[in-house]
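In what follows, a structure is listed as structure tokens, so that the remarks can point back to it.
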Amino acid sequence: MQDAVLAMLAKEPSHGYHLRARLRQSLGPLGESMNPGQIYVTLTRLEKAGLVVCERADGLPERPERKVYALTPAGQQRVAAWLAEVGWPKPDLAEFHLKLAAAAAARLADPVELVAAQRRELLRRLREVQQAMLAEPEGSGAGPLLEGVVLRLRADLRWLDACERAWSRADDEKADEVEGG
């Protein structure tokens, strides 16, 4: 969650309420269960870690001072590192989805390229596991485990295909809007 919040702040400084709304929108129905106070706890931790700064801004008459959060240089570096990170296994698919959504919203990276980088990593790992399966003596206890890892990698690769199709459609729709409008 911290990295997604940082990436969303890379687009522009923001109030906690606005960040929470953007996260919920990005997660769709999964975002409905987000604790309303979670964003503020996350922002406080990020501020203590020196990744964001908090400034007071003029607000509405009933809320004269609102906090606006912005990235520090250290926060910008962490966002860049997070976007470049590829790995597996990811315990939560929502984190990768948020990475794609935040990268697209802040124009930090092309989501299709992030999917491609993740695919390359999964294919590399799949090759390694398949080689380990071939090298494993018949009847060893590791066979079922290695088969499970292969099945999981293949499922994750299919999910990445779906992500690529979705983000490619989104890119096509934006291009059509620019041409038509």
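Each chain of the structure tokens is named A, B, ... in the order shown, its residues numbered from 1; ligands are numbered from 1 in display order.
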
Within 9 Å of range 79-86 of chain A: each range 101-175 of chain A residue with its shortest pair, only C-alpha atoms, as a Markdown table:
| residue | atom | partner | partner_atom | distance |
| --- | --- | --- | --- | --- |
| A:Ala103 | CA | A:Leu83 | CA | 7.6 |
| A:Leu108 | CA | A:Ala80 | CA | 8.3 |
| A:Ala109 | CA | A:Leu83 | CA | 7.6 |
| A:Leu114 | CA | A:Leu83 | CA | 7.5 |
| A:Ala117 | CA | A:Val86 | CA | 6.7 |
| A:Gln118 | CA | A:Val86 | CA | 5.3 |
| A:Arg119 | CA | A:Val86 | CA | 8.8 |
| A:Arg120 | CA | A:Val86 | CA | 8.9 |
| A:Glu121 | CA | A:Val86 | CA | 6.6 |
| A:Leu122 | CA | A:Val86 | CA | 8.8 |

Include N, CA and C atoms and write out the residues we just selected as a CSV table (one decimal), in the first residue's frame.
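Output file again_21.csv follows:
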chain,number,residue,atom,x,y,z
A,103,ALA,N,1.1,4.0,-12.1
A,103,ALA,CA,2.1,4.3,-13.2
A,103,ALA,C,1.4,5.0,-14.3
A,108,LEU,N,4.2,7.8,-15.1
A,108,LEU,CA,5.5,7.4,-14.6
A,108,LEU,C,6.1,6.3,-15.5
A,109,ALA,N,5.3,5.4,-16.0
A,109,ALA,CA,5.7,4.3,-16.8
A,109,ALA,C,4.5,3.8,-17.6
A,114,LEU,N,5.5,-2.5,-18.0
A,114,LEU,CA,5.6,-3.1,-16.7
A,114,LEU,C,5.1,-4.5,-16.7
A,117,ALA,N,7.8,-6.6,-18.5
A,117,ALA,CA,9.0,-6.8,-17.6
A,117,ALA,C,8.7,-7.9,-16.6
A,118,GLN,N,7.5,-7.9,-16.1
A,118,GLN,CA,7.0,-8.9,-15.1
A,118,GLN,C,7.0,-10.3,-15.8
A,119,ARG,N,6.4,-10.3,-17.1
A,119,ARG,CA,6.4,-11.5,-17.9
A,119,ARG,C,7.7,-12.1,-18.1
A,120,ARG,N,8.7,-11.3,-18.5
A,120,ARG,CA,10.1,-11.8,-18.7
A,120,ARG,C,10.6,-12.5,-17.4
A,121,GLU,N,10.4,-11.9,-16.3
A,121,GLU,CA,10.8,-12.5,-15.0
A,121,GLU,C,10.2,-13.8,-14.8
A,122,LEU,N,8.9,-13.9,-15.0
A,122,LEU,CA,8.2,-15.1,-14.7
A,122,LEU,C,8.6,-16.2,-15.7

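Distance check against His97 in chain A using only C-alpha atoms: of A:Gly31, A:Pro36, A:Pro144, A:Gly75, the minimum falls on A:Gly31.
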
Write down as a VMD selection string the residues of range 22-170 of chain A whose backbone DSSP state falls under strand (DSSP E or B). chain A and resid 52 to 58 65 to 71

All helix (DSSP H, G or I) positions in chain A, as number ranges by chain: A: 2-11, 16-33, 38-48, 73-84, 93-105, 111-135, 143-180

Coordinates-based distance that separates CA of Ala70 in chain A from CA of Lys11 in chain A (Å, one decimal): 9.5 Å

Fewer than 2 positions away in the same chain doesn't count, so skip those; otherwise give me all residues within 12 Å of Arg152 in chain A, counting only C-alpha atoms, as an MDAnalysis selection string. chainID A and resid 88:91 122:123 125:126 129 145:150 154:159

Could you pull the residues within 12 Å of range 40-46 of chain A, counting only C-alpha atoms, minus those fewer than 3 positions along the same chain, as a PyMOL selection string? chain A and resi 1-6+8-9+14-20+34-37+49-54+67-72+74-75+78

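Between CA of Pro29 in chain A and CA of Leu98 in chain A the interatomic distance comes to 13.4 Å.
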
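In this structure, CA of Asp161 in chain A sits 28.9 Å away from CA of Ala142 in chain A.
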